[in-house]
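Listing of coords.tsv; format and content: TSV, C-alpha atoms and all ligand atoms.
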```tsv
chain	number	residue	atom	x	y	z
A	166	MET	CA	-20.98	0.59	33.03
A	167	LYS	CA	-19.85	0.27	29.44
A	168	THR	CA	-18.62	-3.23	28.51
A	169	TYR	CA	-16.40	-3.70	25.46
A	170	LYS	CA	-16.54	-7.13	23.85
A	171	ILE	CA	-13.06	-7.91	22.58
A	172	ALA	CA	-12.07	-10.91	20.44
A	173	VAL	CA	-8.60	-12.03	21.52
A	174	ILE	CA	-6.31	-13.93	19.16
A	175	PRO	CA	-3.02	-14.55	20.99
A	176	GLY	CA	-1.71	-16.43	17.93
A	177	ASP	CA	1.72	-18.06	17.99
A	178	GLY	CA	5.08	-17.84	19.72
A	179	ILE	CA	5.48	-14.84	22.00
A	180	GLY	CA	1.95	-13.71	21.08
A	181	LYS	CA	0.73	-16.22	23.66
A	182	GLU	CA	2.96	-14.58	26.30
A	183	VAL	CA	2.57	-10.85	25.61
A	184	VAL	CA	-1.20	-10.85	25.06
A	185	PRO	CA	-2.12	-12.03	28.60
A	186	ALA	CA	0.31	-9.45	30.04
A	187	ALA	CA	-1.33	-6.65	28.06
A	188	ILE	CA	-4.81	-7.83	29.06
A	189	GLU	CA	-3.82	-7.71	32.72
A	190	VAL	CA	-2.72	-4.09	32.28
A	191	LEU	CA	-5.88	-3.16	30.37
A	192	ASP	CA	-8.14	-4.76	33.00
A	193	TYR	CA	-6.22	-2.89	35.67
A	194	VAL	CA	-6.62	0.55	34.06
A	195	ALA	CA	-10.28	-0.15	33.34
A	196	LYS	CA	-10.79	-0.80	37.05
A	197	LEU	CA	-8.90	2.41	37.90
A	198	ASP	CA	-11.11	4.35	35.49
A	199	GLY	CA	-14.29	2.78	36.85
A	200	GLY	CA	-16.40	3.71	33.82
A	201	PHE	CA	-15.84	0.75	31.55
A	202	GLN	CA	-14.75	-2.88	31.50
A	203	PHE	CA	-13.56	-5.45	29.01
A	204	GLU	CA	-15.10	-8.80	28.21
A	205	TRP	CA	-12.40	-10.93	26.53
A	206	THR	CA	-13.26	-13.92	24.33
A	207	TYR	CA	-10.28	-16.07	23.31
A	208	PHE	CA	-9.86	-17.67	19.90
A	209	PRO	CA	-7.04	-20.23	19.54
A	210	TRP	CA	-6.50	-19.42	15.86
A	211	GLY	CA	-3.09	-19.41	14.21
A	212	CYS	CA	-0.50	-21.98	13.24
A	213	ASP	CA	-1.33	-24.59	15.91
A	214	TYR	CA	-4.90	-24.42	14.70
A	215	TYR	CA	-3.65	-24.79	11.12
A	216	LEU	CA	-1.59	-27.88	11.93
A	217	GLU	CA	-4.68	-29.48	13.40
A	218	HIS	CA	-7.42	-28.26	11.04
A	219	GLY	CA	-5.62	-27.33	7.81
A	220	GLU	CA	-6.75	-23.70	8.03
A	221	MET	CA	-5.63	-20.75	10.14
A	222	MET	CA	-9.13	-19.93	11.32
A	223	PRO	CA	-12.56	-21.52	10.82
A	224	GLU	CA	-14.65	-20.88	7.72
A	225	ASP	CA	-17.05	-18.63	9.62
A	226	GLY	CA	-14.24	-16.90	11.55
A	227	ILE	CA	-14.79	-13.49	9.97
A	228	GLU	CA	-18.53	-13.62	10.72
A	229	THR	CA	-17.66	-14.53	14.32
A	230	LEU	CA	-15.31	-11.56	14.65
A	231	LYS	CA	-17.99	-9.18	13.35
A	232	GLN	CA	-19.91	-9.76	16.58
A	233	PHE	CA	-17.18	-8.06	18.63
A	234	ASP	CA	-16.31	-4.42	19.25
A	235	GLN	CA	-12.59	-4.87	18.48
A	236	VAL	CA	-9.99	-7.55	17.82
A	237	PHE	CA	-6.84	-7.78	19.97
A	238	LEU	CA	-4.16	-9.86	18.28
A	239	GLY	CA	-0.69	-11.01	19.34
A	240	ALA	CA	1.40	-12.41	16.51
A	241	VAL	CA	0.99	-15.13	13.94
A	242	GLY	CA	3.70	-17.24	12.36
A	243	MET	CA	5.59	-20.50	12.76
A	244	PRO	CA	8.00	-20.32	9.81
A	245	GLU	CA	9.50	-23.78	10.38
A	246	LEU	CA	6.18	-25.63	10.11
A	247	VAL	CA	3.81	-23.29	8.25
A	248	PRO	CA	4.89	-21.28	5.20
A	249	ASP	CA	4.65	-17.52	5.80
A	250	HIS	CA	2.21	-16.93	2.93
A	251	ILE	CA	-0.28	-19.33	4.55
A	252	SER	CA	-0.08	-17.79	8.03
A	253	LEU	CA	-0.17	-14.27	6.61
A	254	TRP	CA	-2.93	-14.63	4.02
A	255	GLY	CA	-4.95	-17.17	6.00
A	256	LEU	CA	-5.43	-14.90	8.98
A	257	LEU	CA	-3.83	-11.45	9.20
A	258	ILE	CA	-4.42	-10.21	5.69
A	259	LYS	CA	-7.78	-11.96	5.53
A	260	ILE	CA	-9.01	-10.13	8.63
A	261	ARG	CA	-7.57	-6.77	7.54
A	262	ARG	CA	-9.26	-7.03	4.13
A	263	GLU	CA	-12.59	-8.61	5.02
A	264	LEU	CA	-13.16	-6.30	7.98
A	265	LYS	CA	-12.16	-3.37	5.72
A	266	GLN	CA	-9.42	-2.12	8.02
A	267	SER	CA	-8.20	0.35	5.46
A	268	ILE	CA	-6.07	2.54	7.70
A	269	ASN	CA	-2.94	1.42	9.49
A	270	VAL	CA	-1.63	3.69	12.23
A	271	ARG	CA	1.81	3.35	13.77
A	272	PRO	CA	3.42	5.82	16.12
A	273	ALA	CA	7.19	6.26	16.38
A	274	LYS	CA	8.17	8.09	19.51
A	275	LEU	CA	11.36	8.43	21.49
A	276	LEU	CA	10.49	7.06	24.91
A	277	LYS	CA	12.24	8.23	28.07
A	278	GLY	CA	15.01	5.89	29.15
A	279	LEU	CA	15.47	4.34	25.71
A	280	GLN	CA	18.50	4.28	23.48
A	281	SER	CA	17.72	5.07	19.84
A	282	PRO	CA	20.25	3.85	17.29
A	283	LEU	CA	20.41	7.50	16.16
A	284	ARG	CA	23.38	9.20	17.78
A	285	ASN	CA	21.75	12.36	19.12
A	286	PRO	CA	18.03	12.13	18.51
A	287	GLN	CA	15.94	15.07	19.60
A	288	ASN	CA	12.61	14.22	21.09
A	289	PHE	CA	10.56	12.81	18.19
A	290	ASP	CA	6.89	11.86	18.24
A	291	ILE	CA	5.57	10.79	14.84
A	292	THR	CA	2.32	9.14	13.78
A	293	VAL	CA	2.35	7.45	10.39
A	294	VAL	CA	-1.06	6.96	8.76
A	295	ARG	CA	-0.69	4.32	6.07
A	296	GLU	CA	-3.31	3.49	3.47
A	297	ASN	CA	-3.76	-0.22	4.16
A	298	SER	CA	-5.96	-1.64	1.42
A	299	GLU	CA	-4.85	-0.55	-2.06
A	300	GLY	CA	-2.07	1.39	-3.78
A	301	GLU	CA	1.10	-0.40	-4.76
A	302	TYR	CA	0.04	-3.68	-3.12
A	303	SER	CA	-2.50	-4.85	-5.68
A	304	ASP	CA	-3.01	-8.14	-7.41
A	305	SER	CA	-3.32	-6.47	-10.78
A	306	GLY	CA	-0.53	-7.25	-13.19
A	307	GLY	CA	1.14	-10.20	-14.76
A	308	ARG	CA	4.01	-11.45	-16.84
A	309	ILE	CA	4.32	-11.48	-20.60
A	310	HIS	CA	6.82	-12.92	-23.09
A	311	GLN	CA	9.52	-15.33	-22.10
A	312	GLY	CA	13.27	-15.68	-21.83
A	313	ALA	CA	15.31	-12.58	-22.50
A	314	ASP	CA	12.17	-10.59	-23.43
A	315	GLU	CA	10.19	-11.45	-20.32
A	316	ILE	CA	8.35	-8.55	-18.70
A	317	ALA	CA	6.63	-8.30	-15.29
A	318	ILE	CA	3.93	-5.70	-14.77
A	319	GLN	CA	2.64	-4.66	-11.35
A	320	ASN	CA	-0.17	-2.13	-11.33
A	321	ALA	CA	-0.74	0.26	-8.47
A	322	ILE	CA	-4.40	1.10	-7.84
A	323	PHE	CA	-5.23	4.39	-6.16
A	324	THR	CA	-8.90	5.19	-5.67
A	325	ARG	CA	-10.08	8.71	-4.86
A	326	LYS	CA	-12.11	7.31	-1.95
A	327	GLY	CA	-9.28	5.30	-0.42
A	328	THR	CA	-6.74	8.09	-0.81
A	329	GLU	CA	-9.04	10.74	0.57
A	330	ARG	CA	-10.01	8.54	3.53
A	331	ALA	CA	-6.38	8.12	4.62
A	332	MET	CA	-5.67	11.83	4.19
A	333	ARG	CA	-8.74	13.00	6.09
A	334	TYR	CA	-7.89	10.64	8.93
A	335	ALA	CA	-4.36	12.07	9.07
A	336	PHE	CA	-5.72	15.63	9.27
A	337	GLU	CA	-8.17	14.64	12.00
A	338	LEU	CA	-5.32	13.14	14.04
A	339	ALA	CA	-3.21	16.26	13.52
A	340	LYS	CA	-6.00	18.41	15.02
A	341	ASN	CA	-5.40	16.68	18.35
A	342	SER	CA	-1.66	16.64	17.91
A	343	ARG	CA	0.74	19.36	16.77
A	344	GLN	CA	-1.29	20.54	13.74
A	345	HIS	CA	1.09	19.35	11.07
A	346	VAL	CA	0.63	16.82	8.26
A	347	THR	CA	3.35	15.66	5.87
A	348	SER	CA	2.38	13.88	2.67
A	349	ALA	CA	4.75	11.19	1.37
A	350	THR	CA	4.84	11.38	-2.41
A	351	LYS	CA	7.01	10.58	-5.39
A	352	SER	CA	5.32	12.55	-8.14
A	353	ASN	CA	8.64	13.33	-9.80
A	354	GLY	CA	9.04	9.67	-10.69
A	355	LEU	CA	5.59	8.08	-10.70
A	356	THR	CA	3.64	9.86	-13.38
A	357	TYR	CA	0.03	8.82	-12.73
A	358	SER	CA	-0.49	7.61	-9.17
A	359	MET	CA	1.45	10.20	-7.20
A	360	PRO	CA	0.30	13.33	-9.08
A	361	PHE	CA	-3.22	12.04	-8.31
A	362	TRP	CA	-2.19	11.57	-4.66
A	363	ASP	CA	-0.79	15.16	-4.58
A	364	GLU	CA	-3.94	16.56	-6.19
A	365	ILE	CA	-6.16	14.94	-3.55
A	366	PHE	CA	-3.85	16.13	-0.76
A	367	ASP	CA	-4.20	19.71	-2.06
A	368	GLU	CA	-7.99	19.38	-2.08
A	369	VAL	CA	-8.29	17.82	1.37
A	370	LYS	CA	-5.96	20.32	3.07
A	371	LYS	CA	-8.32	23.16	2.08
A	372	ASP	CA	-10.80	21.75	4.61
A	373	TYR	CA	-8.21	22.08	7.37
A	374	PRO	CA	-6.95	25.67	7.18
A	375	ASP	CA	-5.45	25.54	10.70
A	376	ILE	CA	-3.21	22.58	9.92
A	377	ASP	CA	0.23	23.20	8.43
A	378	THR	CA	1.36	20.86	5.68
A	379	ALA	CA	4.49	19.67	3.93
A	380	VAL	CA	4.98	17.46	0.91
A	381	ASN	CA	8.14	15.32	0.73
A	382	HIS	CA	9.30	12.78	-1.79
A	383	ILE	CA	9.60	9.39	-0.13
A	384	ASP	CA	13.35	9.12	-0.69
A	385	ALA	CA	14.01	12.45	1.03
A	386	LEU	CA	11.45	11.64	3.71
A	387	ALA	CA	13.24	8.38	4.59
A	388	ALA	CA	16.49	10.33	4.94
A	389	PHE	CA	14.77	12.94	7.16
A	390	PHE	CA	13.53	10.12	9.42
A	391	VAL	CA	17.18	9.51	10.25
A	392	MET	CA	18.46	13.10	10.16
A	393	LYS	CA	15.59	15.03	11.80
A	394	PRO	CA	12.70	12.83	12.96
A	395	HIS	CA	11.66	15.59	15.41
A	396	ALA	CA	10.48	17.66	12.42
A	397	PHE	CA	7.40	15.46	11.88
A	398	ASP	CA	4.00	15.19	13.48
A	399	VAL	CA	1.50	13.19	11.37
A	400	ILE	CA	2.61	11.64	8.08
A	401	VAL	CA	0.20	10.24	5.50
A	402	ALA	CA	1.58	7.63	3.13
A	403	SER	CA	0.49	5.08	0.56
A	404	ASN	CA	0.60	1.36	1.31
A	405	LEU	CA	4.18	0.71	0.16
A	406	PHE	CA	5.68	4.00	1.33
A	407	GLY	CA	3.93	3.67	4.70
A	408	ASP	CA	5.17	0.10	5.10
A	409	ILE	CA	8.76	1.21	4.66
A	410	LEU	CA	8.46	4.32	6.84
A	411	THR	CA	6.85	2.45	9.72
A	412	ASP	CA	9.59	-0.18	9.87
A	413	LEU	CA	12.11	2.64	9.88
A	414	GLY	CA	10.06	4.30	12.62
A	415	GLY	CA	10.22	1.12	14.72
A	416	ALA	CA	13.97	0.94	14.21
A	417	ILE	CA	14.71	4.50	15.38
A	418	MET	CA	12.62	3.90	18.52
A	419	GLY	CA	15.14	1.33	19.68
A	420	SER	CA	13.46	-2.09	19.35
A	421	ILE	CA	10.77	-3.76	17.33
A	422	GLY	CA	9.58	-5.22	20.66
A	423	ILE	CA	8.03	-1.92	21.73
A	424	ALA	CA	6.37	-0.80	18.48
A	425	PRO	CA	2.54	-0.73	18.45
A	426	ALA	CA	0.07	-0.71	15.57
A	427	ALA	CA	-3.62	-0.48	14.76
A	428	ASN	CA	-5.54	-1.60	11.67
A	429	LEU	CA	-8.56	0.64	11.69
A	430	ASN	CA	-12.00	0.46	10.19
A	431	ILE	CA	-12.54	4.18	10.76
A	432	GLU	CA	-16.16	4.01	9.64
A	433	ARG	CA	-16.68	1.62	12.60
A	434	GLU	CA	-18.78	-0.63	10.42
A	435	PHE	CA	-16.67	-3.63	11.49
A	436	PRO	CA	-14.22	-4.15	14.33
A	437	SER	CA	-10.70	-2.77	14.06
A	438	MET	CA	-7.69	-4.92	14.88
A	439	PHE	CA	-4.91	-3.98	17.26
A	440	GLU	CA	-1.64	-5.90	16.82
A	441	PRO	CA	1.96	-4.98	17.61
A	442	VAL	CA	4.52	-4.54	14.85
A	443	HIS	CA	6.66	-7.50	15.92
A	444	GLY	CA	6.09	-11.10	14.89
A	445	SER	CA	5.93	-14.35	16.83
A	446	ALA	CA	9.71	-14.30	17.50
A	447	PRO	CA	10.20	-18.09	17.55
A	448	ASP	CA	13.83	-17.60	18.68
A	449	ILE	CA	12.76	-16.36	22.12
A	450	ALA	CA	9.26	-17.88	22.45
A	451	GLY	CA	8.41	-19.80	25.62
A	452	LYS	CA	11.29	-18.32	27.63
A	453	GLY	CA	9.39	-15.55	29.39
A	454	ILE	CA	11.82	-12.91	28.14
A	455	ALA	CA	9.79	-11.26	25.36
A	456	ASN	CA	9.20	-7.54	25.70
A	457	PRO	CA	5.48	-7.00	26.45
A	458	ILE	CA	5.63	-3.25	25.76
A	459	GLY	CA	4.68	-3.47	22.06
A	460	GLN	CA	1.50	-5.35	22.99
A	461	ILE	CA	0.71	-3.10	25.96
A	462	TRP	CA	1.21	0.07	23.89
A	463	THR	CA	-1.03	-1.54	21.24
A	464	GLY	CA	-3.64	-1.86	24.01
A	465	LYS	CA	-3.20	1.86	24.64
A	466	MET	CA	-4.06	2.49	20.97
A	467	MET	CA	-7.23	0.44	21.44
A	468	LEU	CA	-8.14	2.56	24.48
A	469	ASP	CA	-7.63	5.70	22.38
A	470	PHE	CA	-9.83	4.35	19.59
A	471	LEU	CA	-12.55	3.49	22.11
A	472	GLY	CA	-12.49	7.11	23.30
A	473	HIS	CA	-10.49	6.61	26.52
A	474	GLN	CA	-7.53	8.81	25.61
A	475	ASP	CA	-6.87	9.90	29.20
A	476	THR	CA	-6.55	6.29	30.33
A	477	GLY	CA	-4.42	5.55	27.27
A	478	THR	CA	-2.04	8.37	28.19
A	479	LYS	CA	-1.68	6.88	31.69
A	480	VAL	CA	-0.63	3.57	30.17
A	481	LEU	CA	2.03	5.19	27.98
A	482	ASN	CA	3.32	7.25	30.93
A	483	ALA	CA	3.61	4.07	33.01
A	484	ILE	CA	5.58	2.42	30.18
A	485	GLU	CA	7.95	5.38	29.96
A	486	ASN	CA	8.42	5.61	33.71
A	487	THR	CA	9.19	1.91	33.84
A	488	LEU	CA	11.84	2.22	31.15
A	489	ALA	CA	13.28	5.32	32.85
A	490	THR	CA	13.88	3.27	36.02
A	491	GLY	CA	15.92	0.83	33.91
A	492	VAL	CA	13.53	-2.15	33.97
A	493	LYS	CA	14.08	-3.49	30.44
A	494	THR	CA	14.03	-6.79	28.60
A	495	GLY	CA	16.98	-8.13	26.64
A	496	ASP	CA	16.04	-6.54	23.32
A	497	LEU	CA	16.55	-3.14	25.01
A	498	GLY	CA	19.82	-4.17	26.61
A	499	GLY	CA	18.32	-5.07	29.99
A	500	THR	CA	17.95	-8.29	31.96
A	501	ALA	CA	14.32	-8.09	33.13
A	502	THR	CA	11.79	-10.80	32.31
A	503	LEU	CA	8.40	-10.21	30.72
A	504	GLU	CA	6.78	-10.67	34.14
A	505	GLU	CA	9.08	-8.10	35.75
A	506	VAL	CA	8.37	-5.49	33.07
A	507	LYS	CA	4.62	-6.07	33.32
A	508	ASN	CA	4.68	-5.83	37.13
A	509	ALA	CA	6.76	-2.65	36.99
A	510	ILE	CA	4.19	-1.10	34.64
A	511	LEU	CA	1.34	-2.14	36.95
A	512	ASN	CA	3.24	-0.58	39.86
A	513	GLN	CA	3.67	2.68	37.96
A	514	LEU	CA	-0.07	2.72	37.31
B	601	LIG	P1	7.14	-12.08	11.30
B	601	LIG	O1	7.44	-12.80	10.03
B	601	LIG	O2	5.99	-12.65	12.07
B	601	LIG	O3	7.11	-10.61	11.12
B	601	LIG	P2	9.89	-11.99	12.00
B	601	LIG	O4	10.74	-13.18	12.28
B	601	LIG	O5	10.07	-11.26	10.73
B	601	LIG	O6	8.38	-12.40	12.23
B	601	LIG	P3	9.86	-10.99	14.63
B	601	LIG	O7	9.15	-12.20	15.03
B	601	LIG	O8	9.26	-9.70	14.99
B	601	LIG	O9	10.12	-10.90	13.11
B	601	LIG	O10	11.35	-11.07	15.21
B	601	LIG	C1	12.43	-10.31	14.74
B	601	LIG	C2	13.51	-10.26	15.84
B	601	LIG	O11	13.09	-9.37	16.88
B	601	LIG	C3	13.74	-11.61	16.52
B	601	LIG	O12	15.11	-11.79	16.82
B	601	LIG	C4	12.93	-11.51	17.78
B	601	LIG	O13	13.44	-12.28	18.82
B	601	LIG	C5	12.97	-10.02	18.11
B	601	LIG	N1	11.71	-9.62	18.77
B	601	LIG	C6	10.53	-9.45	18.17
B	601	LIG	N2	9.59	-9.10	19.07
B	601	LIG	C7	10.19	-9.05	20.26
B	601	LIG	C8	9.74	-8.77	21.59
B	601	LIG	N3	8.46	-8.45	21.86
B	601	LIG	N4	10.64	-8.83	22.59
B	601	LIG	C9	11.92	-9.13	22.33
B	601	LIG	N5	12.40	-9.42	21.11
B	601	LIG	C10	11.56	-9.37	20.08
B	602	MG	MG	8.74	-11.00	9.04
```

Go through the file and emit its structure as structure tokens.
Ligand code: ATP
Ligand code: MG
Amino acid sequence: MKTYKIAVIPGDGIGKEVVPAAIEVLDYVAKLDGGFQFEWTYFPWGCDYYLEHGEMMPEDGIETLKQFDQVFLGAVGMPELVPDHISLWGLLIKIRRELKQSINVRPAKLLKGLQSPLRNPQNFDITVVRENSEGEYSDSGGRIHQGADEIAIQNAIFTRKGTERAMRYAFELAKNSRQHVTSATKSNGLTYSMPFWDEIFDEVKKDYPDIDTAVNHIDALAAFFVMKPHAFDVIVASNLFGDILTDLGGAIMGSIGIAPAANLNIEREFPSMFEPVHGSAPDIAGKGIANPIGQIWTGKMMLDFLGHQDTGTKVLNAIENTLATGVKTGDLGGTATLEEVKNAILNQL
């Protein structure tokens, strides 16, 4: 039997509550499948660790993580005691960068039984592939002059390799989806980076003659997310554009508490990291009322990445069937506890 070694970082706040729930579901579906199992190793890294040791994770933390197949993370952050830039850069961004997780994937799908803030949404099912390591989020730039003449410069860095990698991954996903890729651009306003982005998109799409494509400027694309989200299948976007689109995607699904995400090292040289979109939610932590669906759906993405798509589909179906029966936590307008939602999902499975 195949055993996957998973490093688990529950992190802070509700991360400590939703991660064990998701692990219970993953262990359960592994047993149902019969062909694989998980071996979970817990790391107590995060803000508690920082308050005790002065760092979010140990010096050799990255080397430790490299010994695992994947990383399963809850949420990190304790804004009242640890400044956000420390918790973010000392753990999340550090892992994403040092393990070269250069692709971020986030689905946005209208689940059965859920109320989208859109008035009459048709059934949408979008996957946003975001370049996760370069682009607009670079540390190249600076400030010159002072006073009234002061100028800030922020450079965006687009490499051919990084851009092409994100685009090829999007096309590969579209093959197993509805054969459509939309490129998010802004080449009418950004005169160097986005024409380069468009040029590479035109080259890459030639290798995928069966996949239909569209190119939208990011401003129009954001509007289409609200007006006609059902028109999209896979979207490929740069770091900044993808960041904005994926938050919007979470919003139109109905709650940040259900949105999943994956930071992928698609070369599989190092582990990938699976973490939901939501944060540590200090306002509801410790009350047993957090929605575990974001973390469980994130577990489904890990199953997919490990090659167990059929099992992953079962997990998502169980989530949808649970919501359709009205078992929902407070963020979705229901009254169920975390435990009740988890048990309902296990029952559906
Ligand atoms: P971070 O800085 O870590 O992203 P944040 O404060 O910006 O954190 P979240 O921690 O995601 O964002 O919380 C935003 C709001 O959404 C909070 O009111 C929180 O209670 C709610 N929320 C987030 N995740 C969940 C969840 N899983 N279940 C229920 N409510 C949630
Ligand atoms: Mg935040």

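Nearest to Ile179 of chain A of all the residues A:Gly472, A:Pro447, A:Gly464, A:Gly307 is A:Pro447, counting all atoms listed in the file.
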
### Task
Counting only C-alpha atoms and all ligand atoms, name the residues that have an atom within 8 Å of an atom of ligand LIG 601 (chain B); the answer should be given as a ChimeraX atom specification.
/A:179,183,240-244,249,420-423,442-450,454-460,494-496

### Expected answer as a PyMOL selection string: all residues with atoms within 12 Å of (-15.4, 2.1, 14.8), all atoms listed in the file
chain A and resi 231+233-236+264-268+428-438+467+469-472

### Message
List the spatial neighbours of Val346 of chain A as number ranges by chain - criterion: any atom at most 12 Å away, all atoms listed in the file, same-chain residues fewer than 6 positions off excluded.
### Response
A: 291-294, 331-340, 366-367, 369-370, 373-381, 396-402

### Query
Expressed in Å to a single decimal, how great is the separation between atom CA of Ile251 of chain A and atom CA of Trp210 of chain A?
12.9 Å

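Across the structure, atom CA of Asp192 of chain A and atom CA of Gly477 of chain A are spaced 12.4 Å apart.
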
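With distances restricted to only C-alpha atoms, A:Asp304 is the closest residue to Ile318 of chain A from A:Ile409, A:Met222, A:Asp304, A:Glu296.
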
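Within 6 Å of the point (8.0, -12.2, 32.1), counting all atoms listed in the file, the protein and nucleic acid residues come to A:Gly453, A:Ile454, A:Thr502, A:Leu503, A:Glu504, A:Glu505.
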
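Interatomic distance, atom CA of Asp290 of chain A against atom CA of Ser352 of chain A: 26.4 Å.
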
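With distances taken over all atoms listed in the file, A:Leu253 is the one residue among A:Leu514, A:Leu253, A:Val480, A:Ala195 lying closest to ligand MG 602 (chain B).
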
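Distance annotation: of A:Gln202, A:Asp412, A:Glu368, A:Leu355, the residue with the minimal separation from ligand MG 602 (chain B) is A:Asp412; atom set is all atoms listed in the file.
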
#### Entry: Among listed residues A:Tyr169, A:Asn404, A:Pro248, A:Trp362, nearest ligand MG 602 (chain B) (using all atoms listed in the file)
A:Pro248

### Message
Can you pull out the residues contacting Glu301 of chain A? Cut-off 9 Å, using only C-alpha atoms, and skip same-chain residues under 6 positions away; I want them as a VMD selection string.
### Response
chain A and resid 319 to 323 403 to 406

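Of the residues listed (A:Gly414, A:Pro360, A:Gly354, A:Gly491), A:Gly354 shows the shortest atom-to-atom separation from Asp384 of chain A; distances use all atoms listed in the file.
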